[in-house]
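Trainee: Quick one: structure below, then a few questions.
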Protein chains: 2
Amino acid sequence: MEHKPTIATVARHAGVAVSTVSRYLNGRYVSRAAKARIADAIALLGYAPSWTARNLSIGRKGCIGVIVDTSDDPWFNQILAGIEEELSTRDTSLMLSSLELRGQYDPRIVFEWIRGRRVDGLIIAKSQRRERPLLHAALKAQLPIVTVAPDEAVTRVHVVRCDNIGGGAAVANHLVELGHRHIVFAGGPQHSLDSKHRLRGLTEGLAQHAIRLDSKAVFCCESYEASAGAEFGRTFLDAPFGATALVMGNDALALGFMRVARQRGVRVPRDLSIVGFDDVPVGALMWPGLTTVAQPMREMGRAACRRLFEAIAAPGLLETIEYPVSLVVRESTARPRPRK
Amino acid sequence: MEHKPTIATVARHAGVAVSTVSRYLNGRYVSRAAKARIADAIALLGYAPSWTARNLSIGRKGCIGVIVDTSDDPWFNQILAGIEEELSTRDTSLMLSSLELRGQYDPRIVFEWIRGRRVDGLIIAKSQRRERPLLHAALKAQLPIVTVAPDEAVTRVHVVRCDNIGGGAAVANHLVELGHRHIVFAGGPQHSLDSKHRLRGLTEGLAQHAIRLDSKAVFCCESYEASAGAEFGRTFLDAPFGATALVMGNDALALGFMRVARQRGVRVPRDLSIVGFDDVPVGALMWPGLTTVAQPMREMGRAACRRLFEAIAAPGLLETIEYPVSLVVRESTARPRPRK
DNA sequence: TTGTATGCGTTATCAG
DNA sequence: CTGATAACGCATACAA
């Protein structure tokens with residue numbers, strides 16, 4: 001094998017012009033005779049077209065960029081699986097970049113993608129306020145963008161999210177049905193839109209049952225990481241608490257909290273029922289399993305991908321797709337213990 | 001903005017030839033005067049070179065492919081973070097593909113990468129026997145390959161692994177020091193090389209202390225997934241057991257087992273000490289935290305990436321890099337309860 | 001040091 | 001239906 005065969009090699013071998021081979025490859029009109037000869041030549045030479053050249057010629061990249069804070073996030077991994085699934089049916093690949101690689105925010109790679117026109121579109125998971133410059137740059141470069149579960153109000157981009165308010169309400173119903181009356185909520189960072197929505201749903205849901213969620217029963221954590229949940233746990237459990245149920249802003253926080261609780265001998269759910277949000281796989285792995293609000297993450301990933309391709313093909317109207325959530329009841333919630 | 005500026009636009013604007021601009025971009029010799037004019041033109045036009053065109057011209061792809069069974073694997077995510085870290089210093093991007101997307105093995109995308117010459121090299125995480133056709137195809141296409149923690153004997157590729165035998169021995173020492181004499185090992189799939197090595201290290205380590213690991217005390221699970229660990233737990237715990245410590249083939253198995261154990265009221269570590277392998281982040285999140293053998297996964301990911309680039313630059317000798325492991329003692333191991 | 005010409009592998013446009 | 005030929009955007013011998 002001297003050199004990789006190109007379309008020209010094939011053409012020469014089949015005794016036709018390169019343009020004919022190109023047409024053959026792209027399913028255009030070619031006579032049966034030529035078709036056969038070209039097919040033979042391709043098989044004989046083991047020819048495969050070059051993506052790079054093809055992309056240069058038709059002016060696309062054949063890649064979409066997927067952006068996330070850190071790729072070792074169970075929630076994101078489910079989204080990613082959905083994207084990959086959808087992508088596997090198309091002739092496009094996935095480029096990945098984490099924004100927070102060594103503990104600090106560094107979006108340079110993504111800016112490089114945008115400037116160098118390496119991607120046909122962008123999917124951003126959980127975009128926050130700090131992603132604004134990124135969005136601006138992409139928008140200016142006419143790059144279609146889909147955000148999944150944006151944690152702040154975004155504009156001019158496509159959105160795939162889930163019904164956090166409904167999720168909060170579902171939790172309220174569940175806890176009330178179990179008999180809880182004293183409930184505490186601890187969300188993520190103060191400005192997190194997700195937490196606000198989840199809290200709103202919870203509050204409204206409780207209000208339906210004439211239960212008021214006092215503002216003193218609402219906390220927020222430093223981040224959405226387990227460590228923040230643990231930290232909250234330490235301060236919360238240090239003081240005596242009257243609550244019988246605790247709703248955390250997401251599963252990671254809940255898991256971090258639970259570890260501390262267990263460490264201190266607080267029995268879940270006997271002493272305290274706990275609920276999370278997201279339904280990450282590990283929640284089902286512990287005992288007690290974590291009661292949580294599940295998002296159809298895989299499907300959301302697929303939807304994001306589909307939406308992006310529609311936007312690439314036809315820069316149409318912006319759209320927000322909202323997915324329903326569902327309560328997954330495991331062992332971390334139960335009837336409150338009757339108080340003496 | 002009518003059209004994206006190209007290198008020609010810049011050249012015209014700066015009053016020089018395109019080749020001069022190209023040289024400027026690639027840091028070759030250009031007179032100070034020309035340099036300044038080109039820089040001005042670039043800034044003015046907001047020009048950025050096209051990666052696609054550049055790659056076509058110099059005959060590379062600017063992408064490496066990263067392959068894994070499923071991307072929602074905590075171990076892999078750490079490896080991935082390392083790869084990304086190393087990549088961030090180079091002008092190369094990362095393409096990702098999961099082999100097992102909808103529960104079934106489907107390597108078509110990767111074959112497409114290889115045939116279409118979309119990547120400059122391949123990193124394969126945990127390759128198994130079934131990956132052989134893939135390796136063959138890549139090798140035939142002259143594509144450099146690095147495997148991380150291959151789970152079978154591989155040849156003709158670069159390897160980054162960790163010292164599983166040493167890990168097994170470390171576990172043996174730890175358990176013996178605690179006073180354990182009756183130890184059970186449950187590995188992954190029967191032919192898994194990792195499990196074999198870990199078991200060998202354990203056996204040899206115990207032998208140092210004149211403790212024999214009976215073949216009846218060695219089991220294997222269907223897979224490396226938590227569900228398999230849970231399944232093992234159900235059958236193992238159904239029968240009375242004399243062992244005071246259990247070593248599982250990896251963390252996922254250990255977590256699956258622990259859930260079942262806790263569910264059945266078996267107290268860890270009081271009734272049974274448990275050890276895993278890998279040190280995935282969730283192991284530290286539970287209570288009791290999982291004692292385990294840590295691999296420097298992040299560093300291994302970086303090493304794999306570095307090795308791949310060396311191989312791309314100069315197809316030199318094959319190399320195996322082996323990293324040391326370290327025992328991480330948490331709460332799942334303790335002295336055995338004195339037997340009556 | 002700079003400019004000219006040619007190549008990288010495909011696709012697209014037109015005549016034929 | 002087919003075949004030249006010009007893009008696509010950049011890199012690089014080679015000549016000046």
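Chain lettering (A, B, ...) mirrors the order of the structure tokens, residue numbering begins at 1 for each chain separately, and ligand numbering begins at 1 in order of display.
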Run DSSP on the backbone and tell me which residues of stretch 171-322 of chain B come out as strand (DSSP E or B); list them as a list in words.
Mentor: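 DSSP on the backbone gives strand (DSSP E or B) at Ile183, Val184, Phe185, Ala186, Gly187, Val218, Phe219, Cys220, Ala245, Leu246, Val247, Met248, Ser273, Ile274, Val275, Gly276, Phe277, Asp278, Thr291, Thr292, Val293, Ala294, Thr320, Ile321 and Glu322 of chain B.
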Trainee: Rotate and translate chain B onto chain A via least squares on all in-order Cα pairs, then write the result as a tab-separated table (two decimals) with C-alpha atoms, in the first residue's frame.
Mentor:
```tsv
chain	number	residue	atom	x	y	z
B	1	MET	CA	-0.12	0.07	-0.01
B	2	GLU	CA	1.76	3.09	-1.23
B	3	HIS	CA	-0.73	5.83	-0.58
B	4	LYS	CA	-4.24	6.07	0.77
B	5	PRO	CA	-6.60	5.79	-2.18
B	6	THR	CA	-8.49	8.97	-2.96
B	7	ILE	CA	-11.54	9.60	-5.00
B	8	ALA	CA	-9.22	10.15	-7.97
B	9	THR	CA	-7.69	6.73	-7.58
B	10	VAL	CA	-11.11	5.19	-7.63
B	11	ALA	CA	-12.12	7.21	-10.68
B	12	ARG	CA	-9.06	6.18	-12.61
B	13	HIS	CA	-9.52	2.59	-11.61
B	14	ALA	CA	-13.15	2.56	-12.65
B	15	GLY	CA	-12.50	4.50	-15.82
B	16	VAL	CA	-14.79	7.39	-14.96
B	17	ALA	CA	-14.44	10.98	-13.83
B	18	VAL	CA	-14.04	11.97	-10.21
B	19	SER	CA	-17.32	13.81	-10.29
B	20	THR	CA	-19.06	10.58	-11.20
B	21	VAL	CA	-17.54	8.86	-8.24
B	22	SER	CA	-18.57	11.76	-6.06
B	23	ARG	CA	-22.11	11.49	-7.31
B	24	TYR	CA	-22.06	7.79	-6.67
B	25	LEU	CA	-20.94	8.37	-3.11
B	26	ASN	CA	-23.66	10.90	-2.51
B	27	GLY	CA	-26.43	8.84	-4.03
B	28	ARG	CA	-26.98	10.90	-7.15
B	29	TYR	CA	-27.74	9.61	-10.60
B	30	VAL	CA	-25.20	7.22	-12.01
B	31	SER	CA	-25.74	4.58	-14.68
B	32	ARG	CA	-25.93	1.00	-13.54
B	33	ALA	CA	-22.80	0.12	-15.44
B	34	ALA	CA	-20.74	2.89	-13.90
B	35	LYS	CA	-22.19	2.11	-10.51
B	36	ALA	CA	-20.95	-1.43	-10.67
B	37	ARG	CA	-17.49	-0.50	-11.84
B	38	ILE	CA	-17.14	2.13	-9.15
B	39	ALA	CA	-18.33	-0.24	-6.48
B	40	ASP	CA	-15.76	-2.76	-7.63
B	41	ALA	CA	-12.97	-0.24	-7.59
B	42	ILE	CA	-13.92	0.94	-4.12
B	43	ALA	CA	-13.99	-2.56	-2.77
B	44	LEU	CA	-10.75	-3.44	-4.46
B	45	LEU	CA	-8.89	-0.41	-3.21
B	46	GLY	CA	-10.51	-0.35	0.18
B	47	TYR	CA	-11.35	3.25	-0.39
B	48	ALA	CA	-13.09	5.36	2.21
B	49	PRO	CA	-13.79	9.07	1.76
B	50	SER	CA	-11.92	11.60	3.83
B	51	TRP	CA	-14.14	13.42	6.26
B	52	THR	CA	-11.82	16.35	6.51
B	53	ALA	CA	-11.87	17.00	2.81
B	54	ARG	CA	-15.57	16.46	2.53
B	55	ASN	CA	-16.26	18.87	5.34
B	56	LEU	CA	-14.01	21.52	3.89
B	57	SER	CA	-15.78	21.22	0.63
B	58	ILE	CA	-19.32	21.44	1.87
B	59	GLY	CA	-18.49	23.97	4.51
B	60	ARG	CA	-19.41	22.11	7.62
B	61	LYS	CA	-17.46	20.60	10.44
B	62	GLY	CA	-19.13	17.28	11.09
B	63	CYS	CA	-18.82	17.89	14.79
B	64	ILE	CA	-20.92	19.32	17.53
B	65	GLY	CA	-19.43	20.59	20.77
B	66	VAL	CA	-20.73	19.47	24.12
B	67	ILE	CA	-19.86	21.61	27.09
B	68	VAL	CA	-20.21	20.94	30.77
B	69	ASP	CA	-18.73	22.10	34.05
B	70	THR	CA	-17.00	18.85	34.77
B	71	SER	CA	-17.52	15.63	32.93
B	72	ASP	CA	-17.55	13.55	36.10
B	73	ASP	CA	-21.10	14.49	36.93
B	74	PRO	CA	-23.59	11.61	36.97
B	75	TRP	CA	-26.41	13.84	35.80
B	76	PHE	CA	-24.39	15.01	32.85
B	77	ASN	CA	-23.33	11.53	31.98
B	78	GLN	CA	-26.93	10.55	31.42
B	79	ILE	CA	-27.49	13.58	29.25
B	80	LEU	CA	-24.35	12.69	27.36
B	81	ALA	CA	-25.55	9.16	26.77
B	82	GLY	CA	-28.70	10.56	25.21
B	83	ILE	CA	-26.72	12.84	22.95
B	84	GLU	CA	-24.47	10.01	21.86
B	85	GLU	CA	-27.46	7.84	21.15
B	86	GLU	CA	-29.01	10.41	18.88
B	87	LEU	CA	-25.69	11.15	17.26
B	88	SER	CA	-25.08	7.54	16.39
B	89	THR	CA	-27.71	7.79	13.69
B	90	ARG	CA	-26.07	10.77	12.03
B	91	ASP	CA	-22.75	11.39	10.37
B	92	THR	CA	-21.62	13.78	13.03
B	93	SER	CA	-19.23	13.38	15.92
B	94	LEU	CA	-19.09	14.73	19.39
B	95	MET	CA	-16.42	16.95	20.81
B	96	LEU	CA	-16.30	17.31	24.54
B	97	SER	CA	-14.93	20.00	26.77
B	98	SER	CA	-15.10	20.54	30.49
B	99	LEU	CA	-15.09	24.11	31.64
B	100	GLU	CA	-13.64	23.36	35.03
B	101	LEU	CA	-10.66	21.16	34.56
B	102	ARG	CA	-8.27	21.88	37.38
B	103	GLY	CA	-10.70	23.36	39.82
B	104	GLN	CA	-10.82	26.65	38.03
B	105	TYR	CA	-13.03	27.97	35.31
B	106	ASP	CA	-11.27	28.03	31.96
B	107	PRO	CA	-13.40	28.23	28.83
B	108	ARG	CA	-10.52	28.84	26.45
B	109	ILE	CA	-10.95	25.60	24.57
B	110	VAL	CA	-14.53	26.41	23.73
B	111	PHE	CA	-13.57	29.87	22.56
B	112	GLU	CA	-11.06	28.19	20.30
B	113	TRP	CA	-13.79	25.98	18.91
B	114	ILE	CA	-15.86	28.99	18.13
B	115	ARG	CA	-13.11	31.09	16.62
B	116	GLY	CA	-11.65	28.25	14.64
B	117	ARG	CA	-15.10	27.14	13.49
B	118	ARG	CA	-14.49	23.64	14.60
B	119	VAL	CA	-18.08	22.77	15.43
B	120	ASP	CA	-21.43	23.06	13.73
B	121	GLY	CA	-23.27	23.74	16.95
B	122	LEU	CA	-23.07	23.72	20.71
B	123	ILE	CA	-24.86	21.93	23.49
B	124	ILE	CA	-24.31	23.47	26.89
B	125	ALA	CA	-25.28	21.60	30.01
B	126	LYS	CA	-26.41	23.61	33.02
B	127	SER	CA	-25.27	26.96	31.75
B	128	GLN	CA	-24.93	29.65	34.35
B	129	ARG	CA	-24.38	33.35	34.33
B	130	ARG	CA	-20.65	32.91	33.89
B	131	GLU	CA	-21.28	31.26	30.54
B	132	ARG	CA	-22.61	34.49	29.09
B	133	PRO	CA	-19.45	35.53	27.28
B	134	LEU	CA	-19.39	32.10	25.74
B	135	LEU	CA	-22.95	32.41	24.56
B	136	HIS	CA	-22.23	35.84	23.15
B	137	ALA	CA	-19.25	34.64	21.18
B	138	ALA	CA	-21.14	31.68	19.81
B	139	LEU	CA	-24.15	33.75	18.91
B	140	LYS	CA	-21.96	36.27	17.13
B	141	ALA	CA	-20.42	33.42	15.15
B	142	GLN	CA	-23.92	32.34	14.11
B	143	LEU	CA	-23.46	29.08	15.94
B	144	PRO	CA	-26.70	27.34	16.97
B	145	ILE	CA	-26.87	26.64	20.69
B	146	VAL	CA	-28.98	24.37	22.81
B	147	THR	CA	-28.81	24.59	26.57
B	148	VAL	CA	-29.90	21.74	28.76
B	149	ALA	CA	-31.31	22.72	32.13
B	150	PRO	CA	-29.92	26.26	32.12
B	151	ASP	CA	-29.61	27.49	35.65
B	152	GLU	CA	-30.37	31.06	34.84
B	153	ALA	CA	-32.69	32.87	32.50
B	154	VAL	CA	-31.20	32.56	29.04
B	155	THR	CA	-32.29	34.20	25.85
B	156	ARG	CA	-31.65	33.70	22.16
B	157	VAL	CA	-30.84	30.03	22.58
B	158	HIS	CA	-32.80	26.82	22.46
B	159	VAL	CA	-33.67	25.29	25.80
B	160	VAL	CA	-34.36	21.77	27.00
B	161	ARG	CA	-35.40	21.63	30.60
B	162	CYS	CA	-37.61	19.74	33.00
B	163	ASP	CA	-40.58	20.76	35.03
B	164	ASN	CA	-38.91	21.64	38.30
B	165	ILE	CA	-41.95	23.34	39.68
B	166	GLY	CA	-44.03	20.26	39.08
B	167	GLY	CA	-41.29	18.22	40.71
B	168	GLY	CA	-41.39	20.32	43.82
B	169	ALA	CA	-45.13	19.92	43.99
B	170	ALA	CA	-44.86	16.16	43.62
B	171	VAL	CA	-42.48	16.06	46.55
B	172	ALA	CA	-44.90	18.12	48.61
B	173	ASN	CA	-47.72	15.70	47.93
B	174	HIS	CA	-45.61	12.69	48.72
B	175	LEU	CA	-44.43	14.07	52.04
B	176	VAL	CA	-47.84	15.29	53.07
B	177	GLU	CA	-49.38	11.95	52.26
B	178	LEU	CA	-46.84	10.30	54.48
B	179	GLY	CA	-47.91	12.60	57.26
B	180	HIS	CA	-45.10	15.13	57.34
B	181	ARG	CA	-45.94	18.62	58.50
B	182	HIS	CA	-42.56	20.05	59.39
B	183	ILE	CA	-40.46	20.23	56.29
B	184	VAL	CA	-37.16	21.89	55.51
B	185	PHE	CA	-35.71	22.77	52.12
B	186	ALA	CA	-32.01	23.24	51.37
B	187	GLY	CA	-31.27	24.27	47.82
B	188	GLY	CA	-28.14	24.88	45.82
B	189	PRO	CA	-26.43	28.24	45.38
B	190	GLN	CA	-28.58	31.20	46.21
B	191	HIS	CA	-29.21	32.36	42.66
B	192	SER	CA	-29.82	28.94	41.20
B	193	LEU	CA	-32.95	29.00	39.11
B	194	ASP	CA	-33.43	25.27	39.51
B	195	SER	CA	-33.54	25.57	43.25
B	196	LYS	CA	-35.91	28.48	43.08
B	197	HIS	CA	-38.30	26.52	40.91
B	198	ARG	CA	-38.08	23.41	43.00
B	199	LEU	CA	-38.70	25.43	46.11
B	200	ARG	CA	-41.59	27.24	44.53
B	201	GLY	CA	-43.22	23.96	43.55
B	202	LEU	CA	-42.69	22.62	47.02
B	203	THR	CA	-44.11	25.73	48.67
B	204	GLU	CA	-47.14	25.82	46.42
B	205	GLY	CA	-47.70	22.12	46.83
B	206	LEU	CA	-47.62	22.39	50.58
B	207	ALA	CA	-49.90	25.39	50.48
B	208	GLN	CA	-52.48	23.20	48.76
B	209	HIS	CA	-52.57	21.24	51.98
B	210	ALA	CA	-52.63	24.37	54.09
B	211	ILE	CA	-49.07	23.85	55.18
B	212	ARG	CA	-46.81	26.83	55.21
B	213	LEU	CA	-43.11	26.55	54.49
B	214	ASP	CA	-41.55	29.09	56.78
B	215	SER	CA	-38.69	31.15	55.39
B	216	LYS	CA	-36.64	29.98	58.36
B	217	ALA	CA	-37.01	26.50	56.96
B	218	VAL	CA	-35.32	27.40	53.71
B	219	PHE	CA	-31.56	27.16	53.34
B	220	CYS	CA	-29.09	27.19	50.54
B	221	CYS	CA	-25.79	25.44	50.05
B	222	GLU	CA	-22.55	26.76	48.61
B	223	SER	CA	-22.73	24.59	45.53
B	224	TYR	CA	-24.50	21.55	44.14
B	225	GLU	CA	-21.70	19.23	45.18
B	226	ALA	CA	-21.95	16.50	47.78
B	227	SER	CA	-19.40	18.29	49.92
B	228	ALA	CA	-21.71	21.25	50.25
B	229	GLY	CA	-24.51	18.95	51.31
B	230	ALA	CA	-22.25	17.47	53.94
B	231	GLU	CA	-21.32	20.89	55.18
B	232	PHE	CA	-24.94	21.85	55.45
B	233	GLY	CA	-25.53	18.63	57.31
B	234	ARG	CA	-22.94	19.45	59.91
B	235	THR	CA	-24.41	22.84	60.76
B	236	PHE	CA	-28.00	21.69	60.45
B	237	LEU	CA	-27.61	18.65	62.63
B	238	ASP	CA	-25.65	20.51	65.26
B	239	ALA	CA	-28.75	22.31	66.38
B	240	PRO	CA	-31.85	20.43	67.42
B	241	PHE	CA	-34.40	20.32	64.66
B	242	GLY	CA	-38.12	19.92	64.68
B	243	ALA	CA	-38.43	18.94	61.04
B	244	THR	CA	-39.35	15.40	60.07
B	245	ALA	CA	-38.46	15.74	56.40
B	246	LEU	CA	-35.72	17.44	54.45
B	247	VAL	CA	-35.82	18.27	50.77
B	248	MET	CA	-32.43	18.90	49.19
B	249	GLY	CA	-31.78	20.84	46.00
B	250	ASN	CA	-30.38	17.84	44.18
B	251	ASP	CA	-29.21	14.28	44.72
B	252	ALA	CA	-25.57	15.09	45.27
B	253	LEU	CA	-26.44	17.42	48.11
B	254	ALA	CA	-28.77	14.82	49.54
B	255	LEU	CA	-26.10	12.13	49.44
B	256	GLY	CA	-23.57	14.39	51.11
B	257	PHE	CA	-26.08	15.19	53.79
B	258	MET	CA	-27.04	11.57	54.33
B	259	ARG	CA	-23.47	10.55	54.90
B	260	VAL	CA	-23.10	13.07	57.69
B	261	ALA	CA	-26.46	12.14	59.12
B	262	ARG	CA	-25.56	8.47	59.24
B	263	GLN	CA	-22.20	9.30	60.66
B	264	ARG	CA	-23.94	11.07	63.52
B	265	GLY	CA	-26.41	8.33	64.15
B	266	VAL	CA	-29.39	10.10	62.68
B	267	ARG	CA	-31.50	7.35	61.23
B	268	VAL	CA	-32.93	7.88	57.77
B	269	PRO	CA	-35.88	7.77	57.29
B	270	ARG	CA	-36.83	7.01	60.89
B	271	ASP	CA	-35.57	10.28	62.36
B	272	LEU	CA	-35.62	12.26	59.16
B	273	SER	CA	-36.98	11.63	55.70
B	274	ILE	CA	-34.84	12.88	52.85
B	275	VAL	CA	-35.68	13.71	49.24
B	276	GLY	CA	-33.39	14.70	46.38
B	277	PHE	CA	-33.76	15.82	42.78
B	278	ASP	CA	-32.37	14.34	39.54
B	279	ASP	CA	-32.34	10.60	40.15
B	280	VAL	CA	-28.69	9.97	39.50
B	281	PRO	CA	-27.81	6.27	39.40
B	282	VAL	CA	-25.95	6.17	42.70
B	283	GLY	CA	-29.10	7.15	44.54
B	284	ALA	CA	-30.44	3.68	43.88
B	285	LEU	CA	-27.19	2.11	44.98
B	286	MET	CA	-27.24	3.04	48.60
B	287	TRP	CA	-29.28	1.74	51.44
B	288	PRO	CA	-31.60	3.37	52.14
B	289	GLY	CA	-32.11	4.27	48.51
B	290	LEU	CA	-32.79	7.92	47.88
B	291	THR	CA	-36.31	9.08	47.17
B	292	THR	CA	-35.99	11.62	44.41
B	293	VAL	CA	-37.54	13.42	41.48
B	294	ALA	CA	-36.42	11.83	38.24
B	295	GLN	CA	-35.79	13.73	35.07
B	296	PRO	CA	-35.81	11.82	31.80
B	297	MET	CA	-32.18	12.76	31.32
B	298	ARG	CA	-31.43	10.41	28.51
B	299	GLU	CA	-34.42	11.60	26.57
B	300	MET	CA	-33.50	15.19	27.32
B	301	GLY	CA	-30.07	14.59	25.88
B	302	ARG	CA	-31.60	13.15	22.75
B	303	ALA	CA	-33.99	16.06	22.44
B	304	ALA	CA	-31.17	18.56	22.81
B	305	CYS	CA	-29.29	16.85	20.04
B	306	ARG	CA	-32.29	16.68	17.75
B	307	ARG	CA	-33.10	20.31	18.38
B	308	LEU	CA	-29.56	21.31	17.60
B	309	PHE	CA	-29.67	19.58	14.25
B	310	GLU	CA	-32.91	21.23	13.38
B	311	ALA	CA	-31.37	24.55	14.25
B	312	ILE	CA	-28.31	23.82	12.16
B	313	ALA	CA	-30.41	22.83	9.17
B	314	ALA	CA	-32.83	25.73	9.49
B	315	PRO	CA	-32.16	28.58	11.91
B	316	GLY	CA	-35.80	28.69	12.82
B	317	LEU	CA	-37.64	29.97	15.82
B	318	LEU	CA	-36.28	29.48	19.26
B	319	GLU	CA	-37.97	26.84	21.27
B	320	THR	CA	-38.16	25.62	24.83
B	321	ILE	CA	-38.85	21.97	25.41
B	322	GLU	CA	-39.97	21.07	28.88
B	323	TYR	CA	-40.04	17.50	30.10
B	324	PRO	CA	-42.25	16.19	32.86
B	325	VAL	CA	-40.62	14.68	35.92
B	326	SER	CA	-41.64	11.75	38.05
B	327	LEU	CA	-41.29	10.96	41.71
B	328	VAL	CA	-39.21	7.90	42.50
B	329	VAL	CA	-40.00	6.63	45.95
B	330	ARG	CA	-37.27	4.62	47.63
B	331	GLU	CA	-36.37	4.06	51.22
B	332	SER	CA	-35.22	7.47	52.37
B	333	THR	CA	-38.76	8.64	52.99
B	334	ALA	CA	-41.30	7.15	55.39
B	335	ARG	CA	-44.02	8.18	57.82
B	336	PRO	CA	-42.68	10.45	60.50
B	337	ARG	CA	-42.10	8.87	63.89
B	338	PRO	CA	-44.87	9.89	66.23
B	339	ARG	CA	-43.58	12.62	68.53
B	340	LYS	CA	-43.94	12.39	72.22
```
Trainee: As a list in words, please: the residues near D:DA15 (cut-off 12 Å, only C-alpha atoms (C1' of nucleotides), same-chain neighbours under 6 positions excluded).
Mentor: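 That gives DT2, DG3, DT4 and DA5 of chain C.
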Trainee: When the cut-off is 7 Å and we count only C-alpha atoms (C1' of nucleotides), which residues of chain C are near chain A, given as a VMD selection string?
Mentor: chain C and resid 9 to 11
Trainee: Determine which residues of chain D sit within 9 Å of chain A, taking into account only C-alpha atoms (C1' of nucleotides), and present them as number ranges by chain.
Mentor: D: 1-4, 7-9
Trainee: To test your reading of the structure, identify every residue in stretch 179-262 of chain B that backbone DSSP assigns to alpha helix (DSSP H), and report it as a PyMOL selection string.
Mentor: chain B and resi 193-208+226-238+251-262
